[in-house]
file start.csv (CSV, C-alpha atoms)
chain,number,residue,atom,x,y,z
U,1,MET,CA,67.7,44.8,20.3
U,2,PRO,CA,65.3,47.7,19.6
U,3,GLY,CA,61.8,47.3,20.8
U,4,LEU,CA,58.4,49.0,20.7
U,5,LYS,CA,56.0,50.1,23.4
U,6,ILE,CA,52.6,51.8,23.7
U,7,ASP,CA,52.4,55.4,24.8
U,8,HIS,CA,49.2,55.3,26.8
U,9,GLU,CA,49.0,59.1,26.8
U,10,ARG,CA,48.3,58.9,23.1
U,11,CYS,CA,46.8,55.4,22.4
U,12,THR,CA,43.1,55.4,21.9
U,13,GLU,CA,42.7,51.6,22.5
U,14,CYS,CA,41.2,51.1,19.1
U,15,ARG,CA,43.0,47.7,18.9
U,16,MET,CA,43.9,47.9,15.3
U,17,CYS,CA,47.5,46.9,16.2
U,18,TYR,CA,46.1,43.9,18.1
U,19,ILE,CA,44.1,42.8,15.1
U,20,VAL,CA,47.0,43.2,12.7
U,21,CYS,CA,49.5,41.4,14.9
U,22,ARG,CA,47.0,38.5,15.3
U,23,GLU,CA,46.3,38.4,11.6
U,24,ILE,CA,50.0,37.7,10.9
U,25,ASP,CA,50.1,35.2,13.8
U,26,ILE,CA,52.9,37.0,15.8
U,27,ASN,CA,50.6,37.8,18.7
U,28,ALA,CA,52.9,40.1,20.4
U,29,VAL,CA,50.2,42.8,20.9
U,30,TYR,CA,47.9,41.8,23.7
U,31,VAL,CA,45.3,43.2,26.0
U,32,ALA,CA,46.8,43.2,29.6
U,33,LEU,CA,44.5,41.7,32.1
U,34,GLU,CA,45.4,44.2,34.9
U,35,PRO,CA,44.9,46.9,35.9
U,36,LEU,CA,43.2,48.7,33.0
U,37,HIS,CA,42.9,46.1,30.2
U,38,ARG,CA,45.1,48.3,28.0
U,39,ILE,CA,47.0,47.3,24.9
U,40,GLU,CA,50.6,46.2,25.5
U,41,ILE,CA,53.5,44.7,23.4
U,42,ASP,CA,55.2,41.5,24.5
U,43,LEU,CA,58.9,42.1,23.7
U,44,GLN,CA,59.5,38.3,23.8
U,45,LYS,CA,57.2,37.9,20.8
U,46,CYS,CA,57.6,41.2,18.9
U,47,THR,CA,60.0,40.9,16.0
U,48,TYR,CA,60.5,44.6,15.4
U,49,PRO,CA,62.3,45.9,13.3
U,50,GLY,CA,61.8,42.8,11.2
U,51,CYS,CA,58.0,43.3,11.4
U,52,THR,CA,56.5,46.8,11.3
U,53,ALA,CA,52.9,45.8,10.5
U,54,CYS,CA,51.2,47.4,13.5
U,55,LEU,CA,52.7,50.7,12.6
U,56,MET,CA,51.0,50.8,9.2
U,57,TYR,CA,47.5,50.6,10.7
U,58,CYS,CA,47.7,52.7,13.9
U,59,PRO,CA,45.6,55.8,13.6
U,60,ALA,CA,46.8,57.6,16.8
U,61,GLU,CA,49.8,59.7,16.1
U,62,GLY,CA,52.7,59.0,18.4
U,63,SER,CA,51.1,56.1,20.2
U,64,ILE,CA,53.7,53.5,19.4
U,65,ILE,CA,57.2,54.5,20.2
U,66,GLU,CA,60.7,53.0,20.3
U,67,ILE,CA,61.7,52.0,23.8
U,68,GLU,CA,65.2,53.3,23.4
U,69,GLY,CA,65.0,57.1,22.8
U,70,GLY,CA,61.2,57.3,22.7
U,71,ARG,CA,61.0,58.0,18.9
U,72,SER,CA,57.4,58.1,17.7
U,73,MET,CA,56.8,55.5,15.0
U,74,VAL,CA,53.2,56.6,14.1
U,75,PRO,CA,52.9,57.6,11.3
U,76,PRO,CA,55.7,55.2,10.3
U,77,PRO,CA,58.9,56.8,9.1
U,78,PRO,CA,59.9,55.7,5.5
U,79,GLU,CA,62.6,53.3,6.7
U,80,ALA,CA,59.8,51.3,8.5
U,81,TRP,CA,57.9,50.5,5.3
U,82,GLN,CA,60.0,51.2,2.2
U,83,GLU,CA,61.8,48.1,1.2
U,84,ALA,CA,65.5,48.4,0.4
M,1,MET,CA,47.5,68.6,-5.3
M,2,HIS,CA,46.2,70.4,-2.2
M,3,ALA,CA,48.7,70.4,0.7
M,4,ILE,CA,46.1,68.9,3.0
M,5,LEU,CA,45.6,65.9,0.8
M,6,GLU,CA,49.4,65.5,0.2
M,7,GLN,CA,49.9,65.5,4.0
M,8,PHE,CA,47.2,62.8,4.4
M,9,LEU,CA,48.7,60.6,1.7
M,10,ASP,CA,52.2,60.8,3.1
M,11,LYS,CA,51.2,60.1,6.7
M,12,TRP,CA,48.5,57.5,6.4
M,13,VAL,CA,48.0,56.2,2.8
M,14,TRP,CA,51.4,55.4,1.4
M,15,PRO,CA,53.0,53.6,4.4
M,16,THR,CA,52.3,50.0,3.4
M,17,MET,CA,53.2,46.7,5.0
M,18,PRO,CA,55.8,45.0,2.8
M,19,GLY,CA,54.3,41.8,1.4
M,20,ALA,CA,50.7,42.5,2.4
M,21,PRO,CA,48.7,40.4,-0.2
M,22,GLY,CA,46.2,43.1,-1.2
M,23,ALA,CA,48.5,46.1,-0.9
M,24,GLU,CA,49.3,46.4,-4.6
M,25,PHE,CA,45.5,46.3,-5.3
M,26,ARG,CA,44.9,49.1,-2.7
M,27,LEU,CA,47.7,51.3,-4.1
M,28,ARG,CA,46.3,50.8,-7.7
M,29,LEU,CA,42.8,51.9,-6.5
M,30,THR,CA,44.4,54.8,-4.7
M,31,ARG,CA,46.3,56.1,-7.7
M,32,GLU,CA,43.7,55.4,-10.3
M,33,LYS,CA,40.5,56.4,-8.5
M,34,CYS,CA,40.7,57.5,-4.9
M,35,ILE,CA,43.0,60.5,-5.2
M,36,LYS,CA,40.8,62.1,-7.8
M,37,GLY,CA,37.7,61.7,-5.6
M,38,TRP,CA,39.5,62.8,-2.5
M,39,GLU,CA,40.8,65.9,-4.3
M,40,ILE,CA,37.4,66.8,-5.6
M,41,SER,CA,35.8,66.2,-2.2
M,42,LEU,CA,38.4,68.3,-0.4
M,43,GLN,CA,38.0,71.2,-2.8
M,44,ARG,CA,34.2,71.0,-2.3
M,45,THR,CA,34.6,71.1,1.4
M,46,LEU,CA,37.0,74.0,1.3
M,47,GLY,CA,34.7,75.9,-1.0
M,48,GLU,CA,31.8,75.3,1.4
M,49,ILE,CA,33.9,76.5,4.4
M,50,ASP,CA,34.8,79.7,2.5
M,51,GLU,CA,31.2,80.3,1.7
M,52,GLU,CA,30.2,79.6,5.3
M,53,LEU,CA,32.8,81.9,6.8
M,54,ALA,CA,31.9,84.7,4.3
M,55,SER,CA,28.2,84.5,5.4
M,56,ASN,CA,29.0,86.3,8.6
M,57,ASP,CA,26.3,84.4,10.5
M,58,GLU,CA,26.1,81.2,12.5
M,59,ASP,CA,23.3,79.5,10.6
M,60,TRP,CA,25.7,77.2,8.8
M,61,LYS,CA,27.0,75.9,12.1
M,62,LYS,CA,23.5,74.9,13.1
M,63,ASP,CA,22.8,73.3,9.7
M,64,ARG,CA,26.1,71.4,9.9
M,65,ALA,CA,25.4,70.1,13.4
M,66,LEU,CA,21.8,69.0,12.5
M,67,ARG,CA,23.0,67.3,9.3
M,68,GLY,CA,25.8,65.6,11.2
M,69,TYR,CA,23.4,64.4,13.9
M,70,ALA,CA,21.3,62.8,11.2
M,71,ALA,CA,24.2,61.4,9.2
M,72,GLU,CA,26.2,59.9,12.1
M,73,GLY,CA,23.4,59.2,14.5
M,74,VAL,CA,21.9,56.1,15.8
M,75,HIS,CA,19.6,55.6,12.8
M,76,MET,CA,22.5,55.4,10.4
M,77,SER,CA,24.8,53.4,12.6
M,78,ILE,CA,22.4,50.7,13.6
M,79,LYS,CA,20.7,50.3,10.2
M,80,GLN,CA,23.7,50.5,8.0
M,81,MET,CA,26.4,48.8,10.0
M,82,SER,CA,24.3,46.2,11.6
M,83,GLY,CA,23.1,45.4,8.1
M,84,GLN,CA,26.7,44.9,7.2
M,85,LEU,CA,27.3,42.8,10.3
M,86,LEU,CA,24.6,40.5,9.0
M,87,SER,CA,26.3,40.3,5.6
M,88,VAL,CA,28.7,37.8,7.2
M,89,ASP,CA,27.2,34.3,6.9
M,90,ILE,CA,27.5,32.1,10.0
M,91,ALA,CA,29.9,29.8,8.2
M,92,ASP,CA,32.2,32.8,7.5
M,93,GLN,CA,32.1,34.3,11.0
M,94,GLU,CA,35.3,32.7,12.2
M,95,ARG,CA,37.1,34.0,9.1
M,96,TYR,CA,35.8,37.5,9.5
M,97,ILE,CA,35.5,37.8,13.2
M,98,ASP,CA,37.9,40.9,13.4
M,99,LEU,CA,35.9,42.5,10.6
M,100,GLN,CA,32.7,42.1,12.6
M,101,ARG,CA,34.4,43.4,15.7
M,102,MET,CA,35.4,46.5,13.8
M,103,ARG,CA,31.9,47.0,12.6
M,104,ALA,CA,30.5,46.8,16.1
M,105,ARG,CA,33.1,49.3,17.3
M,106,GLN,CA,32.1,51.6,14.5
M,107,ILE,CA,28.5,51.6,15.5
M,108,TRP,CA,29.6,52.7,18.9
M,109,ASP,CA,31.9,55.4,17.5
M,110,GLU,CA,29.2,56.8,15.1
M,111,CYS,CA,26.6,57.0,17.8
M,112,LYS,CA,29.1,59.0,19.8
M,113,HIS,CA,29.7,61.3,16.9
M,114,SER,CA,26.0,62.2,16.8
M,115,LYS,CA,26.4,63.4,20.4
M,116,LEU,CA,29.3,65.6,19.4
M,117,HIS,CA,27.1,67.4,16.9
M,118,ALA,CA,24.5,67.7,19.6
M,119,ASP,CA,27.2,69.3,21.8
M,120,VAL,CA,27.4,72.2,19.3
M,121,LEU,CA,23.6,72.7,19.3
M,122,LEU,CA,23.6,72.6,23.1
M,123,GLY,CA,26.6,74.8,23.5
M,124,LYS,CA,25.3,77.5,21.3
M,125,GLY,CA,21.9,77.4,23.1
M,126,TRP,CA,20.0,76.3,19.9
M,127,ILE,CA,18.4,73.4,21.8
M,128,LYS,CA,17.8,72.9,25.5
M,129,ASP,CA,18.3,69.2,25.5
M,130,GLU,CA,18.8,66.4,22.9
M,131,ARG,CA,15.2,65.3,23.1
M,132,GLU,CA,14.2,68.4,21.2
M,133,LEU,CA,16.1,67.1,18.2
M,134,MET,CA,13.4,64.4,17.8
M,135,ASP,CA,11.1,67.1,16.5
M,136,ILE,CA,13.5,68.8,14.1
M,137,ALA,CA,13.4,67.2,10.7
M,138,PRO,CA,16.9,68.0,9.5
M,139,ALA,CA,18.3,66.2,12.5
M,140,ASN,CA,16.6,63.0,11.4
M,141,THR,CA,16.7,63.0,7.6
M,142,GLN,CA,19.2,62.6,4.8
M,143,PRO,CA,19.2,63.9,1.3
M,144,LEU,CA,20.5,60.6,-0.1
M,145,PRO,CA,17.5,58.2,-0.7
M,146,ALA,CA,17.5,55.1,1.5
M,147,TYR,CA,21.1,55.7,2.5
M,148,PHE,CA,20.4,54.1,5.8
M,149,GLY,CA,18.7,51.1,4.4
M,150,LEU,CA,20.0,47.8,2.9
M,151,SER,CA,18.8,48.9,-0.5
M,152,MET,CA,21.6,51.4,-0.8
M,153,MET,CA,24.1,49.5,1.2
M,154,PHE,CA,26.2,48.7,-1.8
M,155,PRO,CA,25.8,47.1,-5.3
M,156,HIS,CA,25.7,43.8,-3.6
M,157,ILE,CA,26.0,42.5,-0.1
M,158,HIS,CA,29.5,41.1,0.5
M,159,PRO,CA,31.5,41.1,3.8
M,160,LEU,CA,34.3,43.0,2.2
M,161,ALA,CA,32.3,45.6,0.3
M,162,ARG,CA,32.4,47.8,3.4
M,163,ALA,CA,36.2,48.1,3.0
M,164,ALA,CA,35.7,50.5,0.1
M,165,GLN,CA,33.5,52.8,2.2
M,166,ASN,CA,36.0,52.6,5.1
M,167,TYR,CA,38.9,53.3,2.9
M,168,TYR,CA,37.5,55.9,0.5
M,169,GLN,CA,34.6,57.6,2.4
M,170,GLU,CA,36.3,57.7,5.8
M,171,ALA,CA,39.3,59.3,4.1
M,172,ASN,CA,37.0,62.0,2.9
M,173,ALA,CA,35.8,62.4,6.5
M,174,CYS,CA,39.4,62.8,7.6
M,175,LEU,CA,40.2,65.3,5.0
M,176,GLY,CA,37.0,67.3,5.9
M,177,ILE,CA,38.1,67.4,9.5
M,178,MET,CA,41.6,68.6,8.5
M,179,ALA,CA,40.0,71.3,6.4
M,180,TYR,CA,37.7,72.6,9.2
M,181,LEU,CA,40.6,72.5,11.7
M,182,ASP,CA,42.7,74.4,9.2
M,183,ARG,CA,40.1,77.2,8.5
M,184,VAL,CA,37.7,77.5,11.4
M,185,GLU,CA,38.5,79.0,14.8
M,186,ASP,CA,35.1,78.6,16.6
M,187,PRO,CA,35.8,76.3,19.6
M,188,PHE,CA,32.5,74.5,19.3
M,189,VAL,CA,33.1,73.7,15.6
M,190,ARG,CA,36.7,72.6,16.3
M,191,HIS,CA,35.5,70.4,19.1
M,192,GLU,CA,32.9,68.9,16.8
M,193,HIS,CA,35.7,67.8,14.4
M,194,LEU,CA,38.7,67.4,16.6
M,195,SER,CA,36.9,64.9,18.9
M,196,GLN,CA,36.1,62.7,15.9
M,197,ARG,CA,39.5,62.9,14.3
M,198,ASP,CA,41.2,59.8,15.7
M,199,GLU,CA,38.1,57.6,15.2
M,200,GLU,CA,37.5,58.6,11.6
M,201,LEU,CA,41.2,57.8,11.0
M,202,MET,CA,40.7,54.5,12.7
M,203,HIS,CA,37.8,53.7,10.3
M,204,PHE,CA,40.0,54.6,7.4
M,205,MET,CA,42.6,52.2,8.8
M,206,GLU,CA,40.0,49.5,9.0
M,207,GLY,CA,39.5,49.8,5.3
M,208,LYS,CA,43.2,49.9,4.6
M,209,PHE,CA,43.7,46.8,6.7
M,210,GLN,CA,40.8,44.9,5.1
M,211,ILE,CA,42.1,45.6,1.6
M,212,ASP,CA,45.8,44.9,2.4
M,213,PHE,CA,45.1,41.7,4.3
M,214,LEU,CA,41.9,40.2,2.9
M,215,CYS,CA,41.9,41.3,-0.7
M,216,GLY,CA,44.7,39.3,-2.1
M,217,THR,CA,42.6,37.5,-4.8
M,218,GLN,CA,40.5,38.8,-7.6
M,219,GLU,CA,37.5,37.2,-6.0
M,220,ALA,CA,37.9,39.3,-2.9
M,221,GLN,CA,38.9,42.4,-4.8
M,222,ARG,CA,35.9,42.5,-7.1
M,223,PRO,CA,33.3,43.6,-4.5
M,224,VAL,CA,35.6,46.3,-3.1
M,225,GLU,CA,36.2,47.8,-6.5
M,226,GLU,CA,32.5,47.7,-7.4
M,227,ALA,CA,31.6,49.3,-4.1
M,228,LEU,CA,34.3,52.0,-4.7
M,229,ASP,CA,32.9,52.7,-8.2
M,230,TYR,CA,29.5,53.0,-6.7
M,231,LEU,CA,30.6,55.4,-4.0
M,232,LEU,CA,32.6,57.5,-6.5
M,233,HIS,CA,29.9,57.7,-9.3
M,234,GLN,CA,26.5,57.1,-7.7
M,235,VAL,CA,27.0,58.7,-4.3
M,236,GLY,CA,29.8,61.2,-5.1
M,237,GLY,CA,28.8,62.2,-8.6
M,238,ILE,CA,32.4,61.9,-9.7
M,239,ARG,CA,33.1,61.0,-13.3

call {"tool": "encode", "arguments": {"input": "start.csv", "output": "C-alpha cells"}}
result
Amino acid sequence: MPGLKIDHERCTECRMCYIVCREIDINAVYVALEPLHRIEIDLQKCTYPGCTACLMYCPAEGSIIEIEGGRSMVPPPPEAWQEA
Amino acid sequence: MHAILEQFLDKWVWPTMPGAPGAEFRLRLTREKCIKGWEISLQRTLGEIDEELASNDEDWKKDRALRGYAAEGVHMSIKQMSGQLLSVDIADQERYIDLQRMRARQIWDECKHSKLHADVLLGKGWIKDERELMDIAPANTQPLPAYFGLSMMFPHIHPLARAAQNYYQEANACLGIMAYLDRVEDPFVRHEHLSQRDEELMHFMEGKFQIDFLCGTQEAQRPVEEALDYLLHQVGGIR
C-alpha cells in the first residue's frame, strides 16, 4: 500500500496537516514525543490514497512525500483532489 | 490573467478536499470575488515595483521596510489578532480550539515578520539598532484609520470572520511576495520577502481550511462573505 511521510528538510512544523487530520477524526498525523517533537504520520492510521486532506492545506512545498519513490505531494497533483 | 496569479491558483487555491462541507462556498467566493481583487492587487504591486526600480535610488526600500515594520509589528499582531482570539466565547472554545491555536501562531509569525523588515533597515545601515525605530513615526503608524483596533476588525465580531482575511488578504501577501521575488534582485529585499513566504502561505491555508471545514452552513458563511466584501470594498477600494 502507498503511504506518506514528512520530509523534515522542507516541513515548517506549522501543523496544518495535524489540524486537518484531527478535524476529520483520522488522527494519523501526530507530534512525536521524541526527540524533536516533530510532525510524523502514523501509517497504521493514515488512509492515503483514500484520504488526501492534509495535502490540500500544507503550505510548504515538497514537505509531504510518497514513501515509495519519494514523489512530492505538495502542492497536490490533480489526481489527489480531482474526483473521477 | 497574470502568470503569477495563475500559478498561485493552480498550486494552492484550486486543490480542494473532495467532500469538504464549505468547499463549494469557497470556490464560489473565489470565482465571483477574490480573483478580481487578487488580479487588481497584483497589478498594483507590480506597478509599484516598476516605479520603485525606475527611481534608481534606495529610498523605496527604506519606506517599504518602515511600513512593513508598522504593518506587521507587535502593535498590529497583539491588538488585531488577540482581539480576534477574544471573539471566541468561552462556550465556543472547545469547538474553535484549532482556530484559536492558529491565531496564536499568527501573532508569533507577524511579530517575527516585523523583525525581518528591521533586518533590511539594519543591513542597509539606516538604523543602528531596533530601538531607534521607536522614534520614527512611519515605523509605528498606518494609513488605514484604526486598522489595529477592534473598531475596524470587521463588520461584526464573529469567530469565523477572520477566515476571510486569512483567505483573501493573505493571498494578496503571497502574490506580493511572488512579485517581489520575480522582479527584485537586492538580497536584503529578497530576504525580507522570502523569509515570510511559507508563513504567509500558511495563513492563507488557515483561511482555506476554516472556510472548507467550518463554513458548511449559511449561518457560518454569512460573516465570512460580509468580511470579504468589507475587505474588498472598504479596505481595498475594489468595486

call {"tool": "atom_distance", "arguments": {"input": "start.csv", "atom1": "CA of Ser195 (chain M)", "atom2": "CA of Gly62 (chain U)"}}
result
16.9 Å

call {"tool": "closest_residue", "arguments": {"input": "start.csv", "among": "U:Cys58, U:Pro77, U:Ala53, U:Arg10", "to": "Ile24 (chain U)", "atoms": "all atoms listed in the file"}}
result
U:Ala53

call {"tool": "residues_near_point", "arguments": {"input": "start.csv", "point": "(54.0, 48.7, 8.0)", "cutoff": "8 Å", "atoms": "only C-alpha atoms", "output": "ChimeraX atom specification"}}
result
/U:51-57,76,80-81 /M:15-18

call {"tool": "atom_distance", "arguments": {"input": "start.csv", "atom1": "CA of Asp59 (chain M)", "atom2": "CA of Trp126 (chain M)"}}
result
10.4 Å

call {"tool": "interface_residues", "arguments": {"input": "start.csv", "of": "chain M", "to": "chain U", "cutoff": "10 Å", "atoms": "all atoms listed in the file", "output": "ChimeraX atom specification"}}
result
/M:10-20,98-99,101-102,105,197-210,213-214

call {"tool": "write_last_selection", "arguments": {"input": "start.csv", "atoms": "C-alpha atoms", "output": "mmCIF file, in the frame of the given file"}}
result
data_model
loop_
_atom_site.group_PDB
_atom_site.id
_atom_site.type_symbol
_atom_site.label_atom_id
_atom_site.label_comp_id
_atom_site.auth_asym_id
_atom_site.auth_seq_id
_atom_site.Cartn_x
_atom_site.Cartn_y
_atom_site.Cartn_z
ATOM 1 C CA ASP M 10 52.200 60.800 3.100
ATOM 2 C CA LYS M 11 51.200 60.100 6.700
ATOM 3 C CA TRP M 12 48.500 57.500 6.400
ATOM 4 C CA VAL M 13 48.000 56.200 2.800
ATOM 5 C CA TRP M 14 51.400 55.400 1.400
ATOM 6 C CA PRO M 15 53.000 53.600 4.400
ATOM 7 C CA THR M 16 52.300 50.000 3.400
ATOM 8 C CA MET M 17 53.200 46.700 5.000
ATOM 9 C CA PRO M 18 55.800 45.000 2.800
ATOM 10 C CA GLY M 19 54.300 41.800 1.400
ATOM 11 C CA ALA M 20 50.700 42.500 2.400
ATOM 12 C CA ASP M 98 37.900 40.900 13.400
ATOM 13 C CA LEU M 99 35.900 42.500 10.600
ATOM 14 C CA ARG M 101 34.400 43.400 15.700
ATOM 15 C CA MET M 102 35.400 46.500 13.800
ATOM 16 C CA ARG M 105 33.100 49.300 17.300
ATOM 17 C CA ARG M 197 39.500 62.900 14.300
ATOM 18 C CA ASP M 198 41.200 59.800 15.700
ATOM 19 C CA GLU M 199 38.100 57.600 15.200
ATOM 20 C CA GLU M 200 37.500 58.600 11.600
ATOM 21 C CA LEU M 201 41.200 57.800 11.000
ATOM 22 C CA MET M 202 40.700 54.500 12.700
ATOM 23 C CA HIS M 203 37.800 53.700 10.300
ATOM 24 C CA PHE M 204 40.000 54.600 7.400
ATOM 25 C CA MET M 205 42.600 52.200 8.800
ATOM 26 C CA GLU M 206 40.000 49.500 9.000
ATOM 27 C CA GLY M 207 39.500 49.800 5.300
ATOM 28 C CA LYS M 208 43.200 49.900 4.600
ATOM 29 C CA PHE M 209 43.700 46.800 6.700
ATOM 30 C CA GLN M 210 40.800 44.900 5.100
ATOM 31 C CA PHE M 213 45.100 41.700 4.300
ATOM 32 C CA LEU M 214 41.900 40.200 2.900
#

call {"tool": "residues_around", "arguments": {"input": "start.csv", "residues": "Ile65 (chain U)", "least_positions_apart": "4", "cutoff": "6 Å", "atoms": "only C-alpha atoms", "output": "list in words"}}
result
Leu4, Lys5, Gly70, Arg71, Ser72 and Met73 of chain U

call {"tool": "write_last_selection", "arguments": {"input": "start.csv", "atoms": "C-alpha atoms", "output": "short mmCIF file (atom, residue, chain, number, x, y, z; two decimals), in the coordinates of the input"}}
result
data_model
loop_
_atom_site.label_atom_id
_atom_site.label_comp_id
_atom_site.auth_asym_id
_atom_site.auth_seq_id
_atom_site.Cartn_x
_atom_site.Cartn_y
_atom_site.Cartn_z
CA LEU U 4 58.40 49.00 20.70
CA LYS U 5 56.00 50.10 23.40
CA GLY U 70 61.20 57.30 22.70
CA ARG U 71 61.00 58.00 18.90
CA SER U 72 57.40 58.10 17.70
CA MET U 73 56.80 55.50 15.00
#

call {"tool": "build_atoms", "arguments": {"input": "start.csv", "residues": "region 69-89 of chain M", "atoms": "N, CA and C atoms", "output": "PDB file, in the frame of the given file"}}
result
ATOM      1  N   TYR M  69      24.187  65.273  12.934  1.00  0.00           N
ATOM      2  CA  TYR M  69      23.400  64.400  13.900  1.00  0.00           C
ATOM      3  C   TYR M  69      22.630  63.379  13.127  1.00  0.00           C
ATOM      4  N   ALA M  70      22.082  63.782  11.981  1.00  0.00           N
ATOM      5  CA  ALA M  70      21.300  62.800  11.200  1.00  0.00           C
ATOM      6  C   ALA M  70      22.241  61.815  10.499  1.00  0.00           C
ATOM      7  N   ALA M  71      23.370  62.306   9.993  1.00  0.00           N
ATOM      8  CA  ALA M  71      24.200  61.400   9.200  1.00  0.00           C
ATOM      9  C   ALA M  71      25.032  60.449  10.022  1.00  0.00           C
ATOM     10  N   GLU M  72      25.316  60.808  11.256  1.00  0.00           N
ATOM     11  CA  GLU M  72      26.200  59.900  12.100  1.00  0.00           C
ATOM     12  C   GLU M  72      25.438  59.395  13.285  1.00  0.00           C
ATOM     13  N   GLY M  73      24.140  59.521  13.260  1.00  0.00           N
ATOM     14  CA  GLY M  73      23.400  59.200  14.500  1.00  0.00           C
ATOM     15  C   GLY M  73      23.068  57.701  14.569  1.00  0.00           C
ATOM     16  N   VAL M  74      22.239  57.442  15.534  1.00  0.00           N
ATOM     17  CA  VAL M  74      21.900  56.100  15.800  1.00  0.00           C
ATOM     18  C   VAL M  74      21.185  55.404  14.652  1.00  0.00           C
ATOM     19  N   HIS M  75      20.350  56.164  13.929  1.00  0.00           N
ATOM     20  CA  HIS M  75      19.600  55.600  12.800  1.00  0.00           C
ATOM     21  C   HIS M  75      20.613  55.020  11.770  1.00  0.00           C
ATOM     22  N   MET M  76      21.567  55.846  11.367  1.00  0.00           N
ATOM     23  CA  MET M  76      22.500  55.400  10.400  1.00  0.00           C
ATOM     24  C   MET M  76      23.359  54.242  10.898  1.00  0.00           C
ATOM     25  N   SER M  77      23.855  54.410  12.095  1.00  0.00           N
ATOM     26  CA  SER M  77      24.800  53.400  12.600  1.00  0.00           C
ATOM     27  C   SER M  77      24.137  52.046  12.736  1.00  0.00           C
ATOM     28  N   ILE M  78      23.001  52.010  13.342  1.00  0.00           N
ATOM     29  CA  ILE M  78      22.400  50.700  13.600  1.00  0.00           C
ATOM     30  C   ILE M  78      21.883  50.102  12.287  1.00  0.00           C
ATOM     31  N   LYS M  79      21.254  50.906  11.441  1.00  0.00           N
ATOM     32  CA  LYS M  79      20.700  50.300  10.200  1.00  0.00           C
ATOM     33  C   LYS M  79      21.781  49.923   9.231  1.00  0.00           C
ATOM     34  N   GLN M  80      22.727  50.826   9.004  1.00  0.00           N
ATOM     35  CA  GLN M  80      23.700  50.500   8.000  1.00  0.00           C
ATOM     36  C   GLN M  80      24.726  49.484   8.446  1.00  0.00           C
ATOM     37  N   MET M  81      25.326  49.729   9.596  1.00  0.00           N
ATOM     38  CA  MET M  81      26.400  48.800  10.000  1.00  0.00           C
ATOM     39  C   MET M  81      25.966  47.517  10.552  1.00  0.00           C
ATOM     40  N   SER M  82      24.794  47.515  11.200  1.00  0.00           N
ATOM     41  CA  SER M  82      24.300  46.200  11.600  1.00  0.00           C
ATOM     42  C   SER M  82      23.874  45.400  10.429  1.00  0.00           C
ATOM     43  N   GLY M  83      23.410  46.079   9.360  1.00  0.00           N
ATOM     44  CA  GLY M  83      23.100  45.400   8.100  1.00  0.00           C
ATOM     45  C   GLY M  83      24.367  44.727   7.565  1.00  0.00           C
ATOM     46  N   GLN M  84      25.475  45.432   7.704  1.00  0.00           N
ATOM     47  CA  GLN M  84      26.700  44.900   7.200  1.00  0.00           C
ATOM     48  C   GLN M  84      27.268  43.770   8.138  1.00  0.00           C
ATOM     49  N   LEU M  85      26.951  43.871   9.405  1.00  0.00           N
ATOM     50  CA  LEU M  85      27.300  42.800  10.300  1.00  0.00           C
ATOM     51  C   LEU M  85      26.575  41.480   9.828  1.00  0.00           C
ATOM     52  N   LEU M  86      25.345  41.662   9.398  1.00  0.00           N
ATOM     53  CA  LEU M  86      24.600  40.500   9.000  1.00  0.00           C
ATOM     54  C   LEU M  86      25.031  39.979   7.596  1.00  0.00           C
ATOM     55  N   SER M  87      25.867  40.764   6.887  1.00  0.00           N
ATOM     56  CA  SER M  87      26.300  40.300   5.600  1.00  0.00           C
ATOM     57  C   SER M  87      27.339  39.145   5.741  1.00  0.00           C
ATOM     58  N   VAL M  88      27.809  38.905   6.943  1.00  0.00           N
ATOM     59  CA  VAL M  88      28.700  37.800   7.200  1.00  0.00           C
ATOM     60  C   VAL M  88      27.931  36.546   7.542  1.00  0.00           C
ATOM     61  N   ASP M  89      27.957  35.563   6.656  1.00  0.00           N
ATOM     62  CA  ASP M  89      27.200  34.300   6.900  1.00  0.00           C
ATOM     63  C   ASP M  89      27.829  33.637   8.172  1.00  0.00           C
TER      64      ASP M  89
END
